[in-house]
Structures are given as C-alpha cells and as structure tokens.
file model-v1.cif (mmCIF, C-alpha atoms)
data_run
loop_
_atom_site.label_atom_id
_atom_site.label_comp_id
_atom_site.auth_asym_id
_atom_site.auth_seq_id
_atom_site.Cartn_x
_atom_site.Cartn_y
_atom_site.Cartn_z
CA MET V 1 2.96 -34.56 -44.23
CA LYS V 2 4.34 -31.91 -41.86
CA PRO V 3 4.87 -28.43 -43.24
CA LYS V 4 8.52 -27.55 -43.64
CA LEU V 5 9.79 -25.19 -40.97
CA THR V 6 11.98 -22.48 -42.40
CA SER V 7 14.63 -20.96 -40.16
CA ALA V 8 12.44 -17.85 -39.77
CA ARG V 9 9.50 -20.00 -38.61
CA ARG V 10 11.73 -21.94 -36.21
CA LYS V 11 13.05 -18.70 -34.76
CA ASN V 12 9.54 -17.28 -34.39
CA ARG V 13 8.24 -20.50 -32.80
CA ALA V 14 11.15 -20.52 -30.32
CA SER V 15 10.63 -16.83 -29.61
CA LEU V 16 6.92 -17.25 -28.89
CA SER V 17 7.39 -20.28 -26.69
CA SER V 18 10.30 -18.97 -24.66
CA GLY V 19 8.21 -16.46 -22.73
CA SER V 20 11.29 -14.40 -21.87
CA PRO V 21 11.26 -10.67 -22.48
CA ALA V 22 14.23 -11.08 -24.79
CA GLY V 23 12.49 -13.80 -26.80
CA GLY V 24 8.89 -12.63 -26.96
CA GLY V 25 5.80 -14.51 -25.91
CA TRP V 26 3.09 -14.66 -23.32
CA ARG V 27 2.97 -15.22 -19.58
CA ALA V 28 0.04 -16.16 -17.33
CA GLY V 29 -0.04 -15.82 -13.55
CA ALA V 30 -2.46 -16.73 -10.78
CA GLY V 31 -2.93 -15.10 -7.40
CA ASN V 32 -5.18 -15.52 -4.42
CA ASP V 33 -5.65 -13.98 -1.02
CA VAL V 34 -7.87 -14.60 1.99
CA HIS V 35 -8.45 -12.44 5.06
CA ARG V 36 -10.43 -12.99 8.21
CA MET V 37 -13.39 -10.56 8.52
CA VAL V 38 -13.44 -8.57 11.77
CA ALA V 39 -15.63 -5.88 13.30
CA GLY V 40 -14.38 -2.31 13.15
CA ARG V 41 -12.34 -2.57 9.93
CA LYS V 42 -13.30 -0.91 6.64
CA LEU V 43 -14.18 -3.19 3.75
CA ILE V 44 -12.05 -1.98 0.84
CA LEU V 45 -11.96 -3.68 -2.57
CA ALA V 46 -9.62 -2.17 -5.17
CA GLY V 47 -9.77 1.11 -3.32
CA VAL V 48 -13.58 1.19 -3.23
CA HIS V 49 -15.09 1.48 0.25
CA ILE V 50 -17.99 -0.94 0.67
CA PRO V 51 -20.27 0.05 3.59
CA PHE V 52 -20.39 -2.93 5.98
CA PRO V 53 -19.79 -3.36 9.74
CA LYS V 54 -16.89 -5.77 9.19
CA GLY V 55 -13.74 -5.64 7.11
CA PRO V 56 -10.65 -7.72 6.49
CA ALA V 57 -7.97 -8.03 9.15
CA GLY V 58 -4.61 -7.18 7.65
CA HIS V 59 -1.40 -5.20 7.94
CA SER V 60 -2.27 -2.88 5.05
CA ASP V 61 -5.90 -2.08 4.21
CA GLY V 62 -6.54 -5.83 3.81
CA ASP V 63 -7.77 -5.45 0.22
CA ALA V 64 -7.86 -9.14 -0.76
CA LEU V 65 -8.79 -8.36 -4.37
CA ALA V 66 -5.88 -5.98 -4.96
CA HIS V 67 -3.51 -8.43 -3.25
CA ALA V 68 -4.63 -11.36 -5.44
CA ILE V 69 -4.23 -9.27 -8.60
CA CYS V 70 -0.76 -8.14 -7.49
CA ASP V 71 0.28 -11.76 -6.98
CA ALA V 72 -1.12 -12.80 -10.37
CA LEU V 73 0.82 -10.03 -12.14
CA LEU V 74 4.04 -10.60 -10.19
CA GLY V 75 3.80 -14.35 -10.76
CA ALA V 76 3.28 -13.96 -14.49
CA ALA V 77 6.37 -11.77 -14.72
CA ALA V 78 8.37 -14.05 -12.35
CA LEU V 79 8.92 -11.13 -9.98
CA GLY V 80 8.12 -12.89 -6.70
CA ASP V 81 5.01 -12.24 -4.65
CA ILE V 82 3.35 -9.34 -2.89
CA GLY V 83 5.02 -10.16 0.43
CA SER V 84 8.50 -9.87 -1.05
CA HIS V 85 7.78 -6.33 -2.27
CA PHE V 86 5.41 -5.06 0.44
CA PRO V 87 6.25 -7.14 3.56
CA ASN V 88 3.72 -7.17 6.39
CA SER V 89 6.66 -6.84 8.79
CA SER V 90 7.40 -3.31 7.51
CA PRO V 91 5.81 -0.35 9.30
CA ARG V 92 5.95 1.46 5.94
CA TRP V 93 3.00 -0.62 4.66
CA ARG V 94 0.89 -0.46 7.86
CA ASN V 95 -2.65 0.61 6.79
CA ALA V 96 -1.32 1.38 3.28
CA SER V 97 -3.77 1.57 0.39
CA SER V 98 -3.49 -1.52 -1.78
CA ILE V 99 -4.22 0.65 -4.83
CA LEU V 100 -0.67 1.90 -4.29
CA PHE V 101 0.50 -1.74 -4.43
CA LEU V 102 -1.37 -2.25 -7.72
CA ARG V 103 0.19 0.87 -9.25
CA ARG V 104 3.69 -0.14 -8.20
CA VAL V 105 3.24 -3.72 -9.40
CA GLY V 106 2.02 -2.42 -12.77
CA GLU V 107 5.17 -0.31 -13.01
CA MET V 108 7.37 -3.30 -12.06
CA VAL V 109 5.72 -5.52 -14.67
CA ARG V 110 6.15 -2.91 -17.41
CA GLY V 111 9.71 -2.27 -16.25
CA ALA V 112 10.44 -6.00 -16.65
CA GLY V 113 9.45 -5.78 -20.32
CA PHE V 114 5.80 -6.87 -20.25
CA GLN V 115 2.47 -5.32 -21.07
CA ILE V 116 -0.68 -6.37 -19.24
CA VAL V 117 -3.18 -7.96 -21.61
CA ASN V 118 -5.95 -8.58 -19.09
CA VAL V 119 -6.85 -9.38 -15.49
CA ASP V 120 -9.71 -11.67 -14.46
CA SER V 121 -10.74 -11.92 -10.82
CA THR V 122 -13.32 -13.38 -8.48
CA ILE V 123 -14.24 -12.17 -5.01
CA GLY V 124 -15.73 -14.64 -2.54
CA LEU V 125 -17.79 -12.87 0.13
CA GLU V 126 -21.07 -13.92 1.73
CA GLN V 127 -22.23 -10.41 2.66
CA PRO V 128 -22.66 -7.70 1.50
CA LYS V 129 -23.76 -8.24 -2.08
CA LEU V 130 -21.21 -6.61 -4.38
CA ALA V 131 -22.93 -6.41 -7.79
CA ARG V 132 -23.60 -2.66 -7.58
CA PHE V 133 -19.95 -1.96 -6.70
CA VAL V 134 -18.35 -4.05 -9.46
CA PRO V 135 -18.32 -1.29 -12.14
CA ARG V 136 -16.46 1.09 -9.77
CA ILE V 137 -14.08 -1.68 -8.70
CA ARG V 138 -13.24 -2.47 -12.35
CA LYS V 139 -12.67 1.22 -13.06
CA GLN V 140 -10.30 1.55 -10.09
CA ILE V 141 -8.25 -1.50 -11.08
CA ALA V 142 -8.03 -0.33 -14.68
CA ALA V 143 -6.91 3.15 -13.63
CA ALA V 144 -4.29 1.80 -11.20
CA LEU V 145 -2.80 -0.49 -13.86
CA GLY V 146 -3.12 1.88 -16.82
CA LEU V 147 -5.62 -0.39 -18.57
CA HIS V 148 -8.95 0.03 -20.32
CA ARG V 149 -11.90 -1.16 -18.25
CA ASP V 150 -12.57 -3.88 -20.85
CA GLN V 151 -9.24 -5.47 -19.87
CA VAL V 152 -10.44 -6.01 -16.29
CA SER V 153 -13.02 -8.55 -15.17
CA VAL V 154 -14.38 -8.74 -11.63
CA LYS V 155 -16.92 -11.30 -10.50
CA ALA V 156 -18.49 -11.66 -7.06
CA LYS V 157 -19.61 -14.97 -5.57
CA THR V 158 -20.95 -16.07 -2.22
CA GLY V 159 -19.80 -19.16 -0.38
CA GLU V 160 -23.33 -20.61 -0.28
CA GLY V 161 -23.04 -20.97 3.49
CA LEU V 162 -19.96 -23.20 3.18
CA ASP V 163 -16.42 -22.78 4.57
CA ALA V 164 -15.11 -19.57 6.16
CA VAL V 165 -16.35 -17.40 3.26
CA GLY V 166 -19.85 -18.87 3.36
CA LEU V 167 -20.03 -18.46 7.13
CA GLY V 168 -19.12 -14.76 6.79
CA GLU V 169 -15.80 -15.25 8.58
CA ALA V 170 -13.52 -14.49 5.63
CA ILE V 171 -13.14 -12.80 2.28
CA ARG V 172 -11.30 -14.54 -0.54
CA ALA V 173 -10.11 -13.27 -3.91
CA ASP V 174 -8.62 -15.13 -6.85
CA ALA V 175 -7.08 -13.57 -9.95
CA VAL V 176 -5.37 -14.50 -13.17
CA ALA V 177 -3.36 -12.18 -15.37
CA LEU V 178 -2.08 -12.47 -18.91
CA LEU V 179 1.06 -10.60 -19.94
CA GLN V 180 2.65 -10.15 -23.33
CA VAL V 181 6.28 -9.34 -23.88
CA SER V 182 6.53 -5.71 -24.93
CA ALA V 183 8.05 -4.79 -28.26
CA PRO V 184 11.65 -3.65 -27.83
CA GLN V 185 11.95 0.11 -27.44
CA ALA V 186 13.92 1.74 -30.24
#
call {"tool": "encode", "arguments": {"input": "model-v1.cif", "output": "structure tokens"}}
result
Amino acid sequence: MKPKLTSARRKNRASLSSGSPAGGGWRAGAGNDVHRMVAGRKLILAGVHIPFPKGPAGHSDGDALAHAICDALLGAAALGDIGSHFPNSSPRWRNASSILFLRRVGEMVRGAGFQIVNVDSTIGLEQPKLARFVPRIRKQIAAALGLHRDQVSVKAKTGEGLDAVGLGEAIRADAVALLQVSAPQA
C-alpha cells in the first residue's frame, strides 16, 4: 500500500525535484579540462605555483583544475561554460589568473540563487607528484569560492604511462560540483 500524498507532500516533492531556484532542489555539474604541457610555462593549479620546467599552454594561466571546477559549477547552475564567460579570444583574459575565474563563477552561482555544497576534483598529471601541494590547492579553491576546506576535495593521479597525460604531454582535470537552491532572501 502506497502512503497517501497530501498536497503539502506533493508540493514539497515537486519543489525538490524541479531543481529550479524558484522551486528548490539540488543541481550537479561536471567539468573537465585538458592542456598540452610546454616548456617555459608556469605550472599553476588553483593559484598554487608548482615548481616544474613545463606548464600548460593556454590563453590564461592554463590552470586546468580551476577551469574544470568553473565548468562544473557553471554547468550545475545552467549558466553556460567557462568559454562563454571568459573567452580565449579576449585580450582581457590573456595570462589572467584562473583564481579570478573561480571567484567570479562563485559569485555568478550565488547570484543565480544557489549555494555550493561541495566540489570534488581529480588532476591527471604524470610529473611532478602533487601530494604535498594538495592541502594548499584545497585551501585556495575553498577561499576563492567562499567555502570551508572540508567542502573541497582534490585528488592527484598519474596516467600510468598511458595517453597524453601518462606520456607527460598533457595535464587533465575533472570536477563535479553539487549545488543547493538557496533559501529565499527575506
């Protein structure tokens, strides 16, 4: 026997499943980014400089991790992608810090009526090893997005000698983000 749905329960169920800011609910988004590694560029991950002779080619600072997180957040909020807000055709974003992108995306997401619940990310890079940098990277992401460090996960993996990442030719980052509709402001 199914439990009887009262009108209040129906309304709440519809509200939670709608995912729209007006109706309440949750949103999940996924993002990824890949950049070719080249000599003479700085390796920057979430604003943290990682000493290494190669870094990602890119219009901005090439921060694949920050870019993947931006896309995950923008996607969850249905606000487009990083390229629509920070186009690589614009001189304004040439060599720009991707921490600025993260801050602005956080503001856009909150402005659209969402709060960020958490961000989970994975960096794929053969060299250098990133374990000792992960705590600083998490702290930087949390600060840029106005989150507690416990709301940010960063994992680092190698490519085990396979594909462009494993051959040391590229860096890849993947991210997922969970948003919750913010309570209406009184």
call {"tool": "atom_distance", "arguments": {"input": "model-v1.cif", "atom1": "atom CA of V:Ala156", "atom2": "atom CA of V:Gly83"}}
result
24.7 Å
call {"tool": "residues_around", "arguments": {"input": "model-v1.cif", "residues": "stretch 103-110 of chain V", "least_positions_apart": "2", "cutoff": "12 Å", "atoms": "only C-alpha atoms", "output": "PyMOL selection string"}}
result
chain V and resi 21+27+29+46-47+66-86+97-101+112-119+140-147+177-185
call {"tool": "closest_residue", "arguments": {"input": "model-v1.cif", "among": "V:Asp120, V:Asp33, V:Asp61, V:Glu126", "to": "V:Gly168", "atoms": "only C-alpha atoms"}}
result
V:Glu126
call {"tool": "resolve_selection", "arguments": {"input": "model-v1.cif", "expression": "the PyMOL selection byres ((chain V and resi 171) around 8)", "output": "list in words"}}
result
Val34, His35, Arg36, Met37, Pro56, Ala64, Ile123, Gly124, Leu125, Val165, Gly168, Glu169, Ala170, Arg172 and Ala173 of chain V
call {"tool": "atom_distance", "arguments": {"input": "model-v1.cif", "atom1": "atom CA of V:Asp163", "atom2": "atom CA of V:Leu65"}}
result
18.6 Å
call {"tool": "atom_distance", "arguments": {"input": "model-v1.cif", "atom1": "atom CA of V:Leu167", "atom2": "atom CA of V:Pro128"}}
result
12.4 Å
